[in-house]
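Source file: target-v1.cif (mmCIF, C-alpha atoms)
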```
data_protein
#
loop_
_atom_site.group_PDB
_atom_site.id
_atom_site.type_symbol
_atom_site.label_atom_id
_atom_site.label_comp_id
_atom_site.auth_asym_id
_atom_site.auth_seq_id
_atom_site.Cartn_x
_atom_site.Cartn_y
_atom_site.Cartn_z
ATOM 1 C CA MET B 1 0.000 0.000 0.000
ATOM 2 C CA LEU B 2 1.355 3.405 -0.978
ATOM 3 C CA ILE B 3 2.068 5.881 1.797
ATOM 4 C CA SER B 4 0.971 9.461 1.166
ATOM 5 C CA ARG B 5 3.813 11.825 0.334
ATOM 6 C CA GLN B 6 2.283 14.243 2.851
ATOM 7 C CA ARG B 7 3.865 12.145 5.596
ATOM 8 C CA LEU B 8 7.233 13.368 4.357
ATOM 9 C CA LEU B 9 6.242 17.010 4.596
ATOM 10 C CA ASP B 10 6.152 19.188 7.688
ATOM 11 C CA ARG B 11 2.526 19.322 8.774
ATOM 12 C CA THR B 12 3.087 22.630 10.584
ATOM 13 C CA LEU B 13 3.664 24.413 7.291
ATOM 14 C CA GLN B 14 1.419 25.098 4.323
ATOM 15 C CA VAL B 15 3.090 22.453 2.193
ATOM 16 C CA ARG B 16 0.333 20.966 0.072
ATOM 17 C CA ASP B 17 1.950 22.434 -3.034
ATOM 18 C CA ALA B 18 5.530 21.887 -1.925
ATOM 19 C CA THR B 19 7.862 20.090 -4.311
ATOM 20 C CA LEU B 20 9.506 16.973 -2.958
ATOM 21 C CA ILE B 21 13.059 16.333 -4.177
ATOM 22 C CA VAL B 22 14.368 12.889 -3.337
ATOM 23 C CA ILE B 23 18.148 12.488 -3.582
ATOM 24 C CA ALA B 24 19.684 9.037 -3.349
ATOM 25 C CA ALA B 25 23.330 9.543 -2.373
ATOM 26 C CA GLU B 26 26.128 7.064 -2.047
ATOM 27 C CA ASN B 27 27.655 8.741 0.987
ATOM 28 C CA GLU B 28 26.389 8.506 4.527
ATOM 29 C CA PHE B 29 26.922 12.025 5.836
ATOM 30 C CA ALA B 30 27.856 15.032 3.681
ATOM 31 C CA GLU B 31 24.929 15.249 1.249
ATOM 32 C CA LYS B 32 22.281 14.828 3.936
ATOM 33 C CA GLN B 33 23.781 17.651 5.971
ATOM 34 C CA TYR B 34 24.449 19.943 3.028
ATOM 35 C CA PHE B 35 20.948 19.820 1.559
ATOM 36 C CA ALA B 36 19.450 20.773 4.923
ATOM 37 C CA LEU B 37 20.502 24.293 3.865
ATOM 38 C CA PHE B 38 17.526 24.451 1.503
ATOM 39 C CA GLU B 39 14.624 23.220 3.639
ATOM 40 C CA SER B 40 11.565 25.447 3.330
ATOM 41 C CA SER B 41 7.804 25.405 2.994
ATOM 42 C CA ARG B 42 8.203 25.328 -0.811
ATOM 43 C CA VAL B 43 10.708 22.494 -1.074
ATOM 44 C CA LYS B 44 11.143 19.340 0.958
ATOM 45 C CA ILE B 45 14.408 17.525 0.313
ATOM 46 C CA GLU B 46 14.661 13.900 1.305
ATOM 47 C CA VAL B 47 18.222 12.533 1.138
ATOM 48 C CA LEU B 48 18.467 8.749 1.073
ATOM 49 C CA ALA B 49 21.999 8.302 2.343
ATOM 50 C CA THR B 50 23.950 5.077 2.472
ATOM 51 C CA GLY B 51 23.349 3.445 5.817
ATOM 52 C CA PRO B 52 25.629 1.515 8.132
ATOM 53 C CA ASP B 53 25.403 -1.486 5.789
ATOM 54 C CA GLY B 54 27.795 0.416 3.513
ATOM 55 C CA LYS B 55 25.949 -0.457 0.295
ATOM 56 C CA SER B 56 27.152 2.491 -1.768
ATOM 57 C CA ALA B 57 27.580 0.998 -5.240
ATOM 58 C CA PRO B 58 25.538 2.887 -7.859
ATOM 59 C CA ALA B 59 23.156 -0.078 -8.255
ATOM 60 C CA HIS B 60 22.392 -0.026 -4.519
ATOM 61 C CA VAL B 61 21.915 3.752 -4.524
ATOM 62 C CA MET B 62 19.476 3.451 -7.427
ATOM 63 C CA GLU B 63 17.704 0.589 -5.671
ATOM 64 C CA ARG B 64 17.067 2.805 -2.616
ATOM 65 C CA LEU B 65 15.528 5.434 -4.854
ATOM 66 C CA VAL B 66 13.232 2.924 -6.570
ATOM 67 C CA GLU B 67 12.148 1.428 -3.250
ATOM 68 C CA PHE B 68 11.372 4.892 -1.928
ATOM 69 C CA ARG B 69 9.258 5.725 -4.970
ATOM 70 C CA GLU B 70 7.382 2.441 -4.627
ATOM 71 C CA ARG B 71 6.689 3.133 -0.955
ATOM 72 C CA TYR B 72 5.472 6.725 -1.207
ATOM 73 C CA ALA B 73 2.928 8.215 -3.571
ATOM 74 C CA ILE B 74 5.367 10.526 -5.347
ATOM 75 C CA GLY B 75 3.571 13.296 -7.216
ATOM 76 C CA PRO B 76 4.121 14.465 -10.814
ATOM 77 C CA SER B 77 5.868 17.636 -9.640
ATOM 78 C CA ASP B 78 8.262 15.700 -7.405
ATOM 79 C CA GLU B 79 11.793 14.983 -8.587
ATOM 80 C CA LEU B 80 14.182 12.075 -8.154
ATOM 81 C CA VAL B 81 17.967 12.436 -8.247
ATOM 82 C CA LEU B 82 20.729 9.830 -8.347
ATOM 83 C CA MET B 83 23.791 11.495 -6.777
ATOM 84 C CA ILE B 84 26.938 9.422 -7.169
ATOM 85 C CA ASP B 85 30.714 9.773 -7.290
ATOM 86 C CA TYR B 86 32.941 8.706 -10.156
ATOM 87 C CA ASP B 87 35.984 8.038 -7.971
ATOM 88 C CA ASN B 88 37.432 4.612 -8.804
ATOM 89 C CA ARG B 89 34.242 3.342 -10.424
ATOM 90 C CA ARG B 90 34.214 0.782 -13.169
ATOM 91 C CA TRP B 91 32.556 2.158 -16.268
ATOM 92 C CA GLU B 92 30.246 -0.858 -16.698
ATOM 93 C CA GLU B 93 28.914 -0.378 -13.174
ATOM 94 C CA LEU B 94 28.138 3.272 -13.868
ATOM 95 C CA LYS B 95 26.679 2.612 -17.295
ATOM 96 C CA THR B 96 24.080 0.252 -15.826
ATOM 97 C CA ALA B 97 23.104 2.794 -13.159
ATOM 98 C CA PHE B 98 22.825 5.559 -15.777
ATOM 99 C CA ARG B 99 20.615 3.400 -17.997
ATOM 100 C CA ASP B 100 18.323 2.433 -15.107
ATOM 101 C CA ALA B 101 18.061 6.048 -13.946
ATOM 102 C CA ARG B 102 17.188 7.366 -17.399
ATOM 103 C CA ASN B 103 14.593 4.636 -17.934
ATOM 104 C CA GLN B 104 12.874 5.739 -14.743
ATOM 105 C CA GLY B 105 13.027 9.497 -15.274
ATOM 106 C CA VAL B 106 15.695 10.051 -12.635
ATOM 107 C CA PHE B 107 18.167 12.946 -12.936
ATOM 108 C CA ILE B 108 21.823 11.904 -12.586
ATOM 109 C CA ALA B 109 24.226 14.200 -10.714
ATOM 110 C CA VAL B 110 27.747 12.785 -10.924
ATOM 111 C CA SER B 111 30.732 14.286 -9.132
ATOM 112 C CA ASN B 112 34.237 13.513 -10.317
ATOM 113 C CA PRO B 113 35.952 12.373 -8.213
ATOM 114 C CA SER B 114 33.518 12.988 -5.308
ATOM 115 C CA PHE B 115 30.770 15.158 -3.810
ATOM 116 C CA GLU B 116 33.433 17.029 -1.869
ATOM 117 C CA VAL B 117 34.415 18.772 -5.142
ATOM 118 C CA TRP B 118 31.100 20.600 -4.870
ATOM 119 C CA LEU B 119 31.901 21.648 -1.312
ATOM 120 C CA LEU B 120 35.363 22.816 -2.336
ATOM 121 C CA LEU B 121 33.953 24.958 -5.153
ATOM 122 C CA HIS B 122 32.205 27.111 -2.552
ATOM 123 C CA HIS B 123 35.662 28.401 -1.588
ATOM 124 C CA THR B 124 38.080 28.112 -4.474
ATOM 125 C CA GLU B 125 38.679 27.005 -8.032
ATOM 126 C CA ALA B 126 39.139 23.298 -8.605
ATOM 127 C CA ASP B 127 42.713 22.057 -8.807
ATOM 128 C CA PRO B 128 43.323 19.522 -11.613
ATOM 129 C CA ALA B 129 45.706 17.726 -9.239
ATOM 130 C CA ASN B 130 42.693 16.823 -7.076
ATOM 131 C CA ASP B 131 41.924 13.618 -8.958
ATOM 132 C CA THR B 132 40.947 11.498 -5.935
ATOM 133 C CA SER B 133 38.472 12.073 -3.123
ATOM 134 C CA ASP B 134 41.320 12.002 -0.592
ATOM 135 C CA LYS B 135 43.068 14.863 -2.381
ATOM 136 C CA VAL B 136 39.859 16.895 -2.557
ATOM 137 C CA GLU B 137 39.259 16.414 1.168
ATOM 138 C CA ALA B 138 42.866 17.396 1.922
ATOM 139 C CA HIS B 139 42.358 20.589 -0.116
ATOM 140 C CA LEU B 140 39.175 21.326 1.843
ATOM 141 C CA ARG B 141 41.093 20.934 5.100
ATOM 142 C CA THR B 142 43.708 23.394 3.847
ATOM 143 C CA VAL B 143 41.103 25.942 2.757
ATOM 144 C CA LEU B 144 38.829 25.641 5.799
ATOM 145 C CA GLY B 145 41.411 24.863 8.451
ATOM 146 C CA SER B 146 39.573 21.626 9.194
ATOM 147 C CA PHE B 147 37.059 19.381 7.471
ATOM 148 C CA ASN B 148 34.955 16.544 8.802
ATOM 149 C CA LYS B 149 32.325 15.169 6.432
ATOM 150 C CA LYS B 150 30.424 13.744 9.415
ATOM 151 C CA ARG B 151 30.000 17.248 10.840
ATOM 152 C CA LEU B 152 29.747 19.871 8.129
ATOM 153 C CA VAL B 153 29.747 23.471 9.278
ATOM 154 C CA LEU B 154 26.895 24.750 7.115
ATOM 155 C CA ASP B 155 27.938 28.375 7.565
ATOM 156 C CA ASP B 156 31.051 27.496 5.541
ATOM 157 C CA TYR B 157 28.769 27.032 2.500
ATOM 158 C CA ARG B 158 25.533 28.965 3.053
ATOM 159 C CA ASP B 159 26.586 32.327 1.556
ATOM 160 C CA ARG B 160 28.901 30.927 -1.114
ATOM 161 C CA ILE B 161 26.427 28.947 -3.223
ATOM 162 C CA PRO B 162 26.408 31.357 -6.205
ATOM 163 C CA GLU B 163 30.217 31.139 -6.444
ATOM 164 C CA ALA B 164 30.069 27.333 -6.294
ATOM 165 C CA ILE B 165 27.499 27.240 -9.095
ATOM 166 C CA ALA B 166 29.563 29.571 -11.283
ATOM 167 C CA ARG B 167 32.737 27.540 -10.755
ATOM 168 C CA ALA B 168 30.976 24.215 -11.387
ATOM 169 C CA LYS B 169 29.409 25.541 -14.592
ATOM 170 C CA ALA B 170 32.785 26.763 -15.820
ATOM 171 C CA LEU B 171 34.187 23.257 -15.330
ATOM 172 C CA ASP B 172 31.273 21.510 -17.043
ATOM 173 C CA THR B 173 32.313 22.175 -20.608
ATOM 174 C CA ASN B 174 30.719 19.078 -22.148
ATOM 175 C CA ALA B 175 27.223 18.498 -20.761
ATOM 176 C CA ALA B 176 26.681 15.686 -23.287
ATOM 177 C CA LYS B 177 29.153 13.487 -21.408
ATOM 178 C CA ASP B 178 27.689 11.296 -18.674
ATOM 179 C CA VAL B 179 30.541 12.137 -16.317
ATOM 180 C CA PRO B 180 32.043 15.619 -15.953
ATOM 181 C CA ASP B 181 35.777 16.008 -16.409
ATOM 182 C CA CYS B 182 37.903 15.647 -13.285
ATOM 183 C CA PRO B 183 37.585 17.649 -11.127
ATOM 184 C CA GLY B 184 33.959 18.497 -11.765
ATOM 185 C CA THR B 185 30.421 18.022 -10.526
ATOM 186 C CA ARG B 186 26.824 18.231 -11.716
ATOM 187 C CA VAL B 187 25.455 18.867 -8.225
ATOM 188 C CA TYR B 188 25.085 22.497 -9.324
ATOM 189 C CA VAL B 189 22.181 21.495 -11.603
ATOM 190 C CA VAL B 190 20.247 20.137 -8.618
ATOM 191 C CA VAL B 191 21.041 23.196 -6.517
ATOM 192 C CA GLU B 192 19.955 25.555 -9.310
ATOM 193 C CA ARG B 193 16.682 23.656 -9.552
ATOM 194 C CA ILE B 194 16.111 23.952 -5.817
ATOM 195 C CA LEU B 195 16.872 27.680 -5.880
ATOM 196 C CA SER B 196 14.423 28.175 -8.750
ATOM 197 C CA LEU B 197 11.700 26.552 -6.634
ATOM 198 C CA LEU B 198 12.608 28.617 -3.591
ATOM 199 C CA ASN B 199 12.633 31.871 -5.561
ATOM 200 C CA PRO B 200 10.057 31.501 -8.360
#
```

Mind turning this structure into structure tokens?
Amino acid sequence: MLISRQRLLDRTLQVRDATLIVIAAENEFAEKQYFALFESSRVKIEVLATGPDGKSAPAHVMERLVEFRERYAIGPSDELVLMIDYDNRRWEELKTAFRDARNQGVFIAVSNPSFEVWLLLHHTEADPANDTSDKVEAHLRTVLGSFNKKRLVLDDYRDRIPEAIARAKALDTNAAKDVPDCPGTRVYVVVERILSLLNP
């Protein structure tokens, strides 16, 4: 039996017309914290993070999204996003996830090498030497003084979103490619969509 999407929305707000954006992420911490920046009466963001079972392969991330859609009565204005990292992935594994996502009308937001590129772009240009997630996180630590993906300091990002979008767009020179060049990220597309809903 389908569960009403209203159960996902804050009953204390006038949210009948709110858009629900469901993001299935392969990481356990950073995305869930980051997207809390955008919660409002107009947009409800549900991040399906990888749990303690550690099942973070693209197929498992996509599976969580499908299960969620089958459980809740997702409306026509609601949006589904597959948010995955390219870091050390086998192309065949990604290709299957991309195909499944497209067949089900799911937007794909790939970061190369990892979601932390998006966080870094709030503060500085991407460094081509940052070709692994470890290097990106080390750069974040240098820029911020410290970085812990389990405890993001949201004030480090809140007022720098326009700069992050501009930098990510500048890096994304071939939108026809499934995966942005390294370093790069398509998280900016999701954030732009959220901002358009928040400020119609």

Could you spell out the hits of the PyMOL selection byres ((chain B and resi 63-69) around 10) on the shown file, as a PDB file with C-alpha atoms, in the coordinates of the input?
```pdb
ATOM      1  CA  LEU B   2       1.355   3.405  -0.978  1.00  0.00           C
ATOM      2  CA  ILE B   3       2.068   5.881   1.797  1.00  0.00           C
ATOM      3  CA  ARG B   5       3.813  11.825   0.334  1.00  0.00           C
ATOM      4  CA  VAL B  22      14.368  12.889  -3.337  1.00  0.00           C
ATOM      5  CA  ILE B  23      18.148  12.488  -3.582  1.00  0.00           C
ATOM      6  CA  ALA B  24      19.684   9.037  -3.349  1.00  0.00           C
ATOM      7  CA  ALA B  25      23.330   9.543  -2.373  1.00  0.00           C
ATOM      8  CA  VAL B  47      18.222  12.533   1.138  1.00  0.00           C
ATOM      9  CA  LEU B  48      18.467   8.749   1.073  1.00  0.00           C
ATOM     10  CA  ALA B  49      21.999   8.302   2.343  1.00  0.00           C
ATOM     11  CA  THR B  50      23.950   5.077   2.472  1.00  0.00           C
ATOM     12  CA  LYS B  55      25.949  -0.457   0.295  1.00  0.00           C
ATOM     13  CA  ALA B  57      27.580   0.998  -5.240  1.00  0.00           C
ATOM     14  CA  PRO B  58      25.538   2.887  -7.859  1.00  0.00           C
ATOM     15  CA  ALA B  59      23.156  -0.078  -8.255  1.00  0.00           C
ATOM     16  CA  HIS B  60      22.392  -0.026  -4.519  1.00  0.00           C
ATOM     17  CA  VAL B  61      21.915   3.752  -4.524  1.00  0.00           C
ATOM     18  CA  MET B  62      19.476   3.451  -7.427  1.00  0.00           C
ATOM     19  CA  GLU B  70       7.382   2.441  -4.627  1.00  0.00           C
ATOM     20  CA  ARG B  71       6.689   3.133  -0.955  1.00  0.00           C
ATOM     21  CA  TYR B  72       5.472   6.725  -1.207  1.00  0.00           C
ATOM     22  CA  ALA B  73       2.928   8.215  -3.571  1.00  0.00           C
ATOM     23  CA  ILE B  74       5.367  10.526  -5.347  1.00  0.00           C
ATOM     24  CA  GLY B  75       3.571  13.296  -7.216  1.00  0.00           C
ATOM     25  CA  LEU B  80      14.182  12.075  -8.154  1.00  0.00           C
ATOM     26  CA  VAL B  81      17.967  12.436  -8.247  1.00  0.00           C
ATOM     27  CA  LEU B  82      20.729   9.830  -8.347  1.00  0.00           C
ATOM     28  CA  ALA B  97      23.104   2.794 -13.159  1.00  0.00           C
ATOM     29  CA  ASP B 100      18.323   2.433 -15.107  1.00  0.00           C
ATOM     30  CA  ALA B 101      18.061   6.048 -13.946  1.00  0.00           C
ATOM     31  CA  GLN B 104      12.874   5.739 -14.743  1.00  0.00           C
ATOM     32  CA  VAL B 106      15.695  10.051 -12.635  1.00  0.00           C
TER      33      VAL B 106
END
```

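Across the structure, atom CA of Ser77 of chain B and atom CA of Phe107 of chain B are spaced 13.6 Å apart.
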
Please identify all polymer residues lying at most 8 Å from the point (25.7, 25.6, -5.1) (file coordinates), using all atoms listed in the file, and present the result as a ChimeraX atom specification. /B:118,122,160-165,187-188,191-192

Assuming the chain letters and numbering stay as they are in my file, what does the PyMOL selection byres ((chain B and resi 195-197) around 12) actually select? List them as a ChimeraX atom specification. /B:17-21,35,37-45,77-79,161-162,165,188-194,198-200

Spatial neighbours of Asp85 of chain B, max dist 10 Å, all atoms listed in the file, sep filter under 6 positions, as number ranges by chain: B: 25-27, 56-58, 94, 109-117, 133, 179, 185

Take the residues from that selection and write them out as a PDB file, in the frame of the given file, keeping C-alpha atoms.
```pdb
ATOM      1  CA  ALA B  25      23.330   9.543  -2.373  1.00  0.00           C
ATOM      2  CA  GLU B  26      26.128   7.064  -2.047  1.00  0.00           C
ATOM      3  CA  ASN B  27      27.655   8.741   0.987  1.00  0.00           C
ATOM      4  CA  SER B  56      27.152   2.491  -1.768  1.00  0.00           C
ATOM      5  CA  ALA B  57      27.580   0.998  -5.240  1.00  0.00           C
ATOM      6  CA  PRO B  58      25.538   2.887  -7.859  1.00  0.00           C
ATOM      7  CA  LEU B  94      28.138   3.272 -13.868  1.00  0.00           C
ATOM      8  CA  ALA B 109      24.226  14.200 -10.714  1.00  0.00           C
ATOM      9  CA  VAL B 110      27.747  12.785 -10.924  1.00  0.00           C
ATOM     10  CA  SER B 111      30.732  14.286  -9.132  1.00  0.00           C
ATOM     11  CA  ASN B 112      34.237  13.513 -10.317  1.00  0.00           C
ATOM     12  CA  PRO B 113      35.952  12.373  -8.213  1.00  0.00           C
ATOM     13  CA  SER B 114      33.518  12.988  -5.308  1.00  0.00           C
ATOM     14  CA  PHE B 115      30.770  15.158  -3.810  1.00  0.00           C
ATOM     15  CA  GLU B 116      33.433  17.029  -1.869  1.00  0.00           C
ATOM     16  CA  VAL B 117      34.415  18.772  -5.142  1.00  0.00           C
ATOM     17  CA  SER B 133      38.472  12.073  -3.123  1.00  0.00           C
ATOM     18  CA  VAL B 179      30.541  12.137 -16.317  1.00  0.00           C
ATOM     19  CA  THR B 185      30.421  18.022 -10.526  1.00  0.00           C
TER      20      THR B 185
END
```

Hits from the PyMOL selection byres ((chain B and resi 182) around 8), listed as a VMD selection string: chain B and resid 112 to 113 128 130 to 131 180 to 181 183 to 184

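Comparing B:Glu31, B:Ala166, B:Arg102, B:Thr96 by their smallest distance to Glu125 of chain B, the closest is B:Ala166 (using only C-alpha atoms).
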
Generate the missing atoms of segment 31-58 of chain B up to N, CA and C atoms and report them as a short mmCIF file (atom, residue, chain, number, x, y, z; two decimals), keeping the file's coordinate frame.
```
data_model
loop_
_atom_site.label_atom_id
_atom_site.label_comp_id
_atom_site.auth_asym_id
_atom_site.auth_seq_id
_atom_site.Cartn_x
_atom_site.Cartn_y
_atom_site.Cartn_z
N GLU B 31 26.07 14.76 2.03
CA GLU B 31 24.93 15.25 1.25
C GLU B 31 23.72 15.54 2.14
N LYS B 32 23.44 14.65 3.06
CA LYS B 32 22.28 14.83 3.94
C LYS B 32 22.39 16.13 4.73
N GLN B 33 23.59 16.41 5.23
CA GLN B 33 23.78 17.65 5.97
C GLN B 33 23.70 18.87 5.05
N TYR B 34 24.38 18.79 3.92
CA TYR B 34 24.45 19.94 3.03
C TYR B 34 23.06 20.38 2.56
N PHE B 35 22.24 19.44 2.14
CA PHE B 35 20.95 19.82 1.56
C PHE B 35 19.94 20.29 2.60
N ALA B 36 20.28 20.17 3.88
CA ALA B 36 19.45 20.77 4.92
C ALA B 36 19.46 22.30 4.81
N LEU B 37 20.44 22.85 4.09
CA LEU B 37 20.50 24.29 3.86
C LEU B 37 19.26 24.83 3.16
N PHE B 38 18.58 23.97 2.40
CA PHE B 38 17.53 24.45 1.50
C PHE B 38 16.11 24.14 1.97
N GLU B 39 15.96 23.57 3.16
CA GLU B 39 14.62 23.22 3.64
C GLU B 39 13.75 24.46 3.74
N SER B 40 12.50 24.33 3.27
CA SER B 40 11.56 25.45 3.33
C SER B 40 10.15 24.91 3.17
N SER B 41 9.19 25.81 3.20
CA SER B 41 7.80 25.40 2.99
C SER B 41 7.53 25.10 1.52
N ARG B 42 8.39 25.57 0.62
CA ARG B 42 8.20 25.33 -0.81
C ARG B 42 8.85 24.04 -1.29
N VAL B 43 9.94 23.65 -0.63
CA VAL B 43 10.71 22.49 -1.07
C VAL B 43 11.02 21.61 0.12
N LYS B 44 10.73 20.33 -0.03
CA LYS B 44 11.14 19.34 0.96
C LYS B 44 12.17 18.45 0.28
N ILE B 45 13.34 18.35 0.89
CA ILE B 45 14.41 17.52 0.31
C ILE B 45 14.62 16.31 1.20
N GLU B 46 14.46 15.17 0.60
CA GLU B 46 14.66 13.90 1.30
C GLU B 46 15.93 13.27 0.74
N VAL B 47 16.97 13.14 1.58
CA VAL B 47 18.22 12.53 1.14
C VAL B 47 18.28 11.10 1.66
N LEU B 48 18.36 10.16 0.73
CA LEU B 48 18.47 8.75 1.07
C LEU B 48 19.94 8.40 1.07
N ALA B 49 20.55 8.53 2.23
CA ALA B 49 22.00 8.30 2.34
C ALA B 49 22.29 6.82 2.51
N THR B 50 23.52 6.45 2.21
CA THR B 50 23.95 5.08 2.47
C THR B 50 23.97 4.85 3.97
N GLY B 51 23.43 3.75 4.39
CA GLY B 51 23.35 3.44 5.82
C GLY B 51 24.58 2.71 6.31
N PRO B 52 24.49 2.22 7.54
CA PRO B 52 25.63 1.52 8.13
C PRO B 52 25.99 0.22 7.41
N ASP B 53 25.08 -0.26 6.54
CA ASP B 53 25.40 -1.49 5.79
C ASP B 53 26.47 -1.22 4.73
N GLY B 54 26.72 0.06 4.44
CA GLY B 54 27.80 0.42 3.51
C GLY B 54 27.52 0.12 2.06
N LYS B 55 26.27 -0.13 1.69
CA LYS B 55 25.95 -0.46 0.30
C LYS B 55 25.90 0.83 -0.53
N SER B 56 27.04 1.20 -1.08
CA SER B 56 27.15 2.49 -1.77
C SER B 56 27.40 2.37 -3.26
N ALA B 57 27.41 1.16 -3.80
CA ALA B 57 27.58 1.00 -5.24
C ALA B 57 26.41 1.66 -5.95
N PRO B 58 26.62 2.21 -7.16
CA PRO B 58 25.54 2.89 -7.86
C PRO B 58 24.25 2.07 -7.96
#
```
